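Here is the structure we will look at.
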Number of protein chains: 2
Amino acid sequence: MDKDISIAVIKRLPRYYRYLGDLLEHGVTRISSNDLARRMNLTASQIRQDLNKFGCFGQQGYGYNVELLYEEIKSILGLERTYNLIIIGGGNLGQTLANYGNFQKRGFRFTAIFDKNPRLIGLNIRGLEILDVATLDNYLKTNSVDIAVLALPKTNVAEVLPSLIENGISGIWNFSHVDLKTPESITVENVHLTDSLLTLSYRLSQNEKGRKANGDTDHS
Amino acid sequence: MDKDISIAVIKRLPRYYRYLGDLLEHGVTRISSNDLARRMNLTASQIRQDLNKFGCFGQQGYGYNVELLYEEIKSILGLERTYNLIIIGGGNLGQTLANYGNFQKRGFRFTAIFDKNPRLIGLNIRGLEILDVATLDNYLKTNSVDIAVLALPKTNVAEVLPSLIENGISGIWNFSHVDLKTPESITVENVHLTDSLLTLSYRLSQNEKGRKANGDTDHS
DNA sequence: AAAAGAATGTATAATATTGTTACGAATAAA
DNA sequence: TTTATTCGTAACAATATTATACATTCTTTT
């Protein structure tokens with residue numbers, strides 16, 4: 001049984017994966033936790049602890065074999081299989097995601113796009129025709145879909161969510177600005193762009209305040 | 001001097017803001033921490049503690065005035081001013097962001113888009129002409145820009161980052177799949193879509209494993 | 001083949017964060 | 001005026017995260 005891994009560790013995994021991929025591309029074959037820590041701006045011990053949660057991938061006196069570690073993390077991340085994704089919402093965002101090659105490269109295959117806007121239905125995006133969302137339920141019943149990407153206005157989410165739940169979708173990549181109520185069996189990953197932007201503006205205004213305070217008063 | 005607020009609290013702020021906005025739209029004028037907690041799936045005491053970090057916005061025996069609290073959080077998030085943003089990278093993602101009305105509505109004004117691709121330069125996106133990135137430096141020197149949105153391939157980031165730093169940009173909303181090296185004075189907010197998707201696939205494959213384990217062996 | 005050096009794995013300690021409980025004080029409502 | 005409500009806040013408990021330290025194991029060198 002896997003000990004439960006904390007979210008913080010999980011969130012670092014893609015970053016490890018990215019750095020190892022870069023190293024691999026540059027022909028680096030081995031790396032120590034120390035060296036990697038310096039590059040990633042982490043501590044060596046944290047890296048060792050993180051990786052050790054999943055297994056003993058290194059070797060004392062040697063370090064980590066870059067390719068091996070890369071493959072291990074790939075496996076941990078569940079990237080040794082492919083996933084079928086559908087995009088719900090054929091607007092700008094949905095089209096952008098469908099067009100983005102990097103996802104496909106890693107095994108995430110977009111198999112359909114849905115919208116309810118007659119002006120979008122029929123449009124061809126990277127070889128994918130935008131389908132009428134009215135056919136979504138039927139599509140789910142007759143095709144194997146792993147992940148649904150919600151790229152539609154929040155007001156329309158309620159129209160499609162029941163169908164996704166009933167048809168046993170595994171994961172939802174949610175770009176809509178709502179909190180989804182889903183059964184536990186469904187894994188939801190939220191990307192709330194607005195929240196991200198507000199976080200940025202919060203931090204900006206904090207900096208602003210800090211600078212002002214420093215300018216106004218002289219704490220010496 | 002502000003006590004330093006933990007990231008977890010900050011990340012919850014936009015969510016409070018969203019819920020309060022919804023309440024406001026529905027004509028709710030007052031709300032208790034208890035009620036809000038039920039809606040947001042938090043505990044009442046956590047809400048009270050979170051909000052109390054920024055001030056005493058509630059009233060004993062009454063609860064919180066929705067509009068007042070909404071305005072307070074708006075102010076905390078730094079949304080009482082407007083921000084000028086430029087988008088660097090006029091591809092799909094850049095165009096999508098420029099087209100997304102919700103940002104503008106909250107005071108984030110896109111003032112320019114840059115790209116180096118001659119086929120994109122000159123294109124008109126929502127009234128914004130895509131400009132040659134060669135003119136970026138000059139643009140920064142002659143216009144007031146608060147936030148740069150990086151929506152370009154990671155291999156091209158190095159070409160524009162120095163100019164942004166030199167010209168004293170305040171914030172970067174980074175959609176490029178790299179870790180930026182910037183001076184402390186610049187606030188960086190990362191949106192790594194690939195990382196988000198990999199996190200999802202990790203969790204999916206964990207579920208998968210769990211289900212298999214439950215099916216294969218009978219721990220009774 | 002042995003000794004020295006390097007670097008992991010992991011236990012333990014320290015810190016930070018998050019959540020809970022509790023209750024006085026202020027307010028609203030009856 | 002009395003009772004019920006609900007916040008603000010302190011104190012505590014539980015988690016989670018990060019840092020420290022070192023024995024162990026492997027590599028490298030001589």
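Labels used: A, B, ... for chains in the order of the structure tokens, numbers from 1 for residues in each chain, and numbers from 1 for ligands as shown.
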Please identify all residues of chain B having at least one atom at most 8 Å from any atom of chain D, considering only C-alpha atoms (C1' of nucleotides), and return them as a list in words.
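So the contacting residues turn out to be Ser32, Arg48, Asn52, Cys56, Gly58, Gln59, Gln60, Gly61, Tyr62 and Gly63 of chain B.
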Using only C-alpha atoms (C1' of nucleotides) and a cut-off of 10 Å, which residues of chain C sit close to chain A? Please list them as a CSV table (one decimal) with C-alpha atoms (C1' of nucleotides), in the first residue's frame.
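The resulting iface13.csv:
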```csv
chain,number,residue,atom,x,y,z
C,5,DG,C1',35.8,9.9,-0.8
C,6,DA,C1',31.1,10.6,-2.5
C,7,DA,C1',26.4,10.5,-2.1
C,8,DT,C1',22.3,8.0,-0.9
C,9,DG,C1',18.6,6.5,2.4
C,10,DT,C1',16.5,7.4,6.4
```
Please determine, counting only C-alpha atoms, which residue among A:Gly89, A:Pro162, A:Gly78, A:Pro183 has the shortest atom-to-atom distance to chain B.
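Ranking A:Gly89, A:Pro162, A:Gly78, A:Pro183 by distance to chain B, first place goes to A:Gly78.
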Write out as a PyMOL selection string which residues come within 12 Å of A:Ile88 when counting only C-alpha atoms (C1' of nucleotides), dropping same-chain ones fewer than 4 positions away.
chain A and resi 92-95+97-98+110-117+121+130-137+147-154+156-157+159-161+163-164+172-176
Can I get the selection written as a PDB file, in the first residue's frame, with C-alpha atoms?
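Output below, filename result_7.pdb:
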```pdb
ATOM      1  CA  ASN A  92     -11.005  30.283 -27.849  1.00  0.00           C
ATOM      2  CA  LEU A  93      -9.714  28.353 -24.889  1.00  0.00           C
ATOM      3  CA  GLY A  94     -10.960  24.989 -26.034  1.00  0.00           C
ATOM      4  CA  GLN A  95      -9.429  25.508 -29.457  1.00  0.00           C
ATOM      5  CA  LEU A  97      -5.887  23.552 -25.813  1.00  0.00           C
ATOM      6  CA  ALA A  98      -6.717  21.322 -28.770  1.00  0.00           C
ATOM      7  CA  PHE A 110      -7.912  14.904 -27.813  1.00  0.00           C
ATOM      8  CA  THR A 111     -10.602  12.870 -29.461  1.00  0.00           C
ATOM      9  CA  ALA A 112     -13.504  15.309 -29.663  1.00  0.00           C
ATOM     10  CA  ILE A 113     -14.612  18.872 -29.034  1.00  0.00           C
ATOM     11  CA  PHE A 114     -18.153  19.833 -28.122  1.00  0.00           C
ATOM     12  CA  ASP A 115     -20.034  23.081 -28.170  1.00  0.00           C
ATOM     13  CA  LYS A 116     -23.612  24.215 -28.325  1.00  0.00           C
ATOM     14  CA  ASN A 117     -23.035  27.241 -30.500  1.00  0.00           C
ATOM     15  CA  ILE A 121     -20.320  23.247 -34.599  1.00  0.00           C
ATOM     16  CA  ILE A 130     -16.523  20.492 -33.224  1.00  0.00           C
ATOM     17  CA  LEU A 131     -19.553  18.402 -32.341  1.00  0.00           C
ATOM     18  CA  ASP A 132     -22.939  19.389 -31.029  1.00  0.00           C
ATOM     19  CA  VAL A 133     -22.914  19.093 -27.259  1.00  0.00           C
ATOM     20  CA  ALA A 134     -26.340  17.494 -27.577  1.00  0.00           C
ATOM     21  CA  THR A 135     -24.504  14.407 -28.788  1.00  0.00           C
ATOM     22  CA  LEU A 136     -22.152  14.354 -25.806  1.00  0.00           C
ATOM     23  CA  ASP A 137     -24.051  11.764 -23.830  1.00  0.00           C
ATOM     24  CA  ILE A 147     -10.596  13.002 -19.130  1.00  0.00           C
ATOM     25  CA  ALA A 148     -13.069  15.772 -19.862  1.00  0.00           C
ATOM     26  CA  VAL A 149     -11.681  19.268 -20.258  1.00  0.00           C
ATOM     27  CA  LEU A 150     -14.164  21.894 -19.173  1.00  0.00           C
ATOM     28  CA  ALA A 151     -13.498  25.019 -21.194  1.00  0.00           C
ATOM     29  CA  LEU A 152     -16.939  26.543 -21.172  1.00  0.00           C
ATOM     30  CA  PRO A 153     -18.629  29.395 -19.300  1.00  0.00           C
ATOM     31  CA  LYS A 154     -19.474  28.522 -15.737  1.00  0.00           C
ATOM     32  CA  ASN A 156     -23.163  26.121 -18.766  1.00  0.00           C
ATOM     33  CA  VAL A 157     -21.285  23.637 -16.634  1.00  0.00           C
ATOM     34  CA  GLU A 159     -25.712  21.229 -18.405  1.00  0.00           C
ATOM     35  CA  VAL A 160     -22.899  18.791 -19.045  1.00  0.00           C
ATOM     36  CA  LEU A 161     -21.673  17.695 -15.633  1.00  0.00           C
ATOM     37  CA  SER A 163     -23.697  13.375 -18.184  1.00  0.00           C
ATOM     38  CA  LEU A 164     -19.995  13.190 -17.379  1.00  0.00           C
ATOM     39  CA  ILE A 172     -11.918  16.464 -15.147  1.00  0.00           C
ATOM     40  CA  TRP A 173      -9.533  19.234 -16.095  1.00  0.00           C
ATOM     41  CA  ASN A 174     -11.609  22.188 -15.078  1.00  0.00           C
ATOM     42  CA  PHE A 175     -10.982  25.613 -16.598  1.00  0.00           C
ATOM     43  CA  SER A 176     -14.453  26.860 -15.715  1.00  0.00           C
TER      44      SER A 176
END
```
Each residue of chain A lying at most 9 Å from chain B should get a row with its shortest atom-to-atom pair and the distance in Å to one decimal, counting only C-alpha atoms; could you produce that, ordered by chain and increasing number, as JSON lines?
```
{"residue": "A:Met1", "atom": "CA", "partner": "B:Gly210", "partner_atom": "CA", "distance": 8.5}
{"residue": "A:Ile10", "atom": "CA", "partner": "B:Thr199", "partner_atom": "CA", "distance": 6.9}
{"residue": "A:Lys11", "atom": "CA", "partner": "B:Thr199", "partner_atom": "CA", "distance": 6.6}
{"residue": "A:Arg12", "atom": "CA", "partner": "B:Asp195", "partner_atom": "CA", "distance": 8.8}
{"residue": "A:Leu13", "atom": "CA", "partner": "B:Thr199", "partner_atom": "CA", "distance": 8.0}
{"residue": "A:Pro14", "atom": "CA", "partner": "B:Asp195", "partner_atom": "CA", "distance": 5.3}
{"residue": "A:Arg15", "atom": "CA", "partner": "B:Asp195", "partner_atom": "CA", "distance": 7.2}
{"residue": "A:Arg18", "atom": "CA", "partner": "B:His177", "partner_atom": "CA", "distance": 8.9}
{"residue": "A:Met40", "atom": "CA", "partner": "B:Asp179", "partner_atom": "CA", "distance": 8.8}
{"residue": "A:Ile76", "atom": "CA", "partner": "B:Tyr202", "partner_atom": "CA", "distance": 6.8}
{"residue": "A:Leu77", "atom": "CA", "partner": "B:Tyr202", "partner_atom": "CA", "distance": 4.3}
{"residue": "A:Gly78", "atom": "CA", "partner": "B:Tyr202", "partner_atom": "CA", "distance": 5.3}
{"residue": "A:Leu79", "atom": "CA", "partner": "B:Ser201", "partner_atom": "CA", "distance": 7.3}
{"residue": "A:Tyr83", "atom": "CA", "partner": "B:Ser201", "partner_atom": "CA", "distance": 8.6}
{"residue": "A:Gly91", "atom": "CA", "partner": "B:Thr96", "partner_atom": "CA", "distance": 8.9}
{"residue": "A:Asn92", "atom": "CA", "partner": "B:Thr96", "partner_atom": "CA", "distance": 5.3}
{"residue": "A:Leu93", "atom": "CA", "partner": "B:Thr96", "partner_atom": "CA", "distance": 5.9}
{"residue": "A:Gln95", "atom": "CA", "partner": "B:Asn92", "partner_atom": "CA", "distance": 8.0}
{"residue": "A:Thr96", "atom": "CA", "partner": "B:Asn92", "partner_atom": "CA", "distance": 5.3}
{"residue": "A:Leu97", "atom": "CA", "partner": "B:Leu93", "partner_atom": "CA", "distance": 8.2}
{"residue": "A:Asn99", "atom": "CA", "partner": "B:Asn92", "partner_atom": "CA", "distance": 7.8}
{"residue": "A:Tyr100", "atom": "CA", "partner": "B:Asn92", "partner_atom": "CA", "distance": 8.4}
{"residue": "A:Asn102", "atom": "CA", "partner": "B:Thr194", "partner_atom": "CA", "distance": 7.8}
{"residue": "A:Phe103", "atom": "CA", "partner": "B:Thr194", "partner_atom": "CA", "distance": 7.1}
{"residue": "A:Ser170", "atom": "CA", "partner": "B:Leu204", "partner_atom": "CA", "distance": 7.1}
{"residue": "A:Gly171", "atom": "CA", "partner": "B:Leu204", "partner_atom": "CA", "distance": 6.8}
{"residue": "A:Ile172", "atom": "CA", "partner": "B:Leu200", "partner_atom": "CA", "distance": 8.3}
{"residue": "A:Trp173", "atom": "CA", "partner": "B:Leu197", "partner_atom": "CA", "distance": 7.5}
{"residue": "A:His177", "atom": "CA", "partner": "B:Arg18", "partner_atom": "CA", "distance": 8.9}
{"residue": "A:Val178", "atom": "CA", "partner": "B:Arg18", "partner_atom": "CA", "distance": 8.9}
{"residue": "A:Asp179", "atom": "CA", "partner": "B:Met40", "partner_atom": "CA", "distance": 8.8}
{"residue": "A:Ser185", "atom": "CA", "partner": "B:Asn207", "partner_atom": "CA", "distance": 8.0}
{"residue": "A:Ile186", "atom": "CA", "partner": "B:Leu204", "partner_atom": "CA", "distance": 8.6}
{"residue": "A:Thr187", "atom": "CA", "partner": "B:Leu204", "partner_atom": "CA", "distance": 6.6}
{"residue": "A:Val188", "atom": "CA", "partner": "B:Leu200", "partner_atom": "CA", "distance": 7.4}
{"residue": "A:Glu189", "atom": "CA", "partner": "B:Leu200", "partner_atom": "CA", "distance": 5.9}
{"residue": "A:Asn190", "atom": "CA", "partner": "B:Ser196", "partner_atom": "CA", "distance": 8.2}
{"residue": "A:Val191", "atom": "CA", "partner": "B:Ser196", "partner_atom": "CA", "distance": 7.7}
{"residue": "A:Leu193", "atom": "CA", "partner": "B:Val191", "partner_atom": "CA", "distance": 8.0}
{"residue": "A:Thr194", "atom": "CA", "partner": "B:Phe103", "partner_atom": "CA", "distance": 7.1}
{"residue": "A:Asp195", "atom": "CA", "partner": "B:Pro14", "partner_atom": "CA", "distance": 5.3}
{"residue": "A:Ser196", "atom": "CA", "partner": "B:Glu189", "partner_atom": "CA", "distance": 7.2}
{"residue": "A:Leu197", "atom": "CA", "partner": "B:Trp173", "partner_atom": "CA", "distance": 7.5}
{"residue": "A:Leu198", "atom": "CA", "partner": "B:Leu77", "partner_atom": "CA", "distance": 6.3}
{"residue": "A:Thr199", "atom": "CA", "partner": "B:Lys11", "partner_atom": "CA", "distance": 6.6}
{"residue": "A:Leu200", "atom": "CA", "partner": "B:Glu189", "partner_atom": "CA", "distance": 5.9}
{"residue": "A:Ser201", "atom": "CA", "partner": "B:Gly78", "partner_atom": "CA", "distance": 5.7}
{"residue": "A:Tyr202", "atom": "CA", "partner": "B:Leu77", "partner_atom": "CA", "distance": 4.3}
{"residue": "A:Arg203", "atom": "CA", "partner": "B:Thr187", "partner_atom": "CA", "distance": 7.0}
{"residue": "A:Leu204", "atom": "CA", "partner": "B:Thr187", "partner_atom": "CA", "distance": 6.6}
{"residue": "A:Ser205", "atom": "CA", "partner": "B:Gly78", "partner_atom": "CA", "distance": 5.4}
{"residue": "A:Gln206", "atom": "CA", "partner": "B:Gly78", "partner_atom": "CA", "distance": 8.2}
{"residue": "A:Asn207", "atom": "CA", "partner": "B:Ser185", "partner_atom": "CA", "distance": 8.0}
{"residue": "A:Gly210", "atom": "CA", "partner": "B:Met1", "partner_atom": "CA", "distance": 8.6}
{"residue": "A:Ala213", "atom": "CA", "partner": "B:Met1", "partner_atom": "CA", "distance": 8.5}
```
Mind listing the strand (DSSP E or B) residues of stretch 24-219 of chain B, per DSSP on the backbone, as a PyMOL selection string?
chain B and resi 30-31+58-59+63-65+83-88+108-115+124-125+128-132+147-150+171-174+187-190
Stretch 47-173 of chain A: which residues are helix (DSSP H, G or I) by DSSP, as a ChimeraX atom specification?
/A:47-52,66-76,92-99,101-105,133-142,154-166
Would you mind reading off the distance between atom CA of A:Thr182 and atom CA of A:Ile169, one decimal, in Å?
10.6 Å
Separation of atom CA of B:Gly107 and atom CA of B:Asn124, in Å?
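The value is 21.4 Å.
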What does the distance between atom CA of A:Arg119 and atom CA of A:Tyr139 come to in Å, to one decimal place?
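A separation of 20.5 Å between them.
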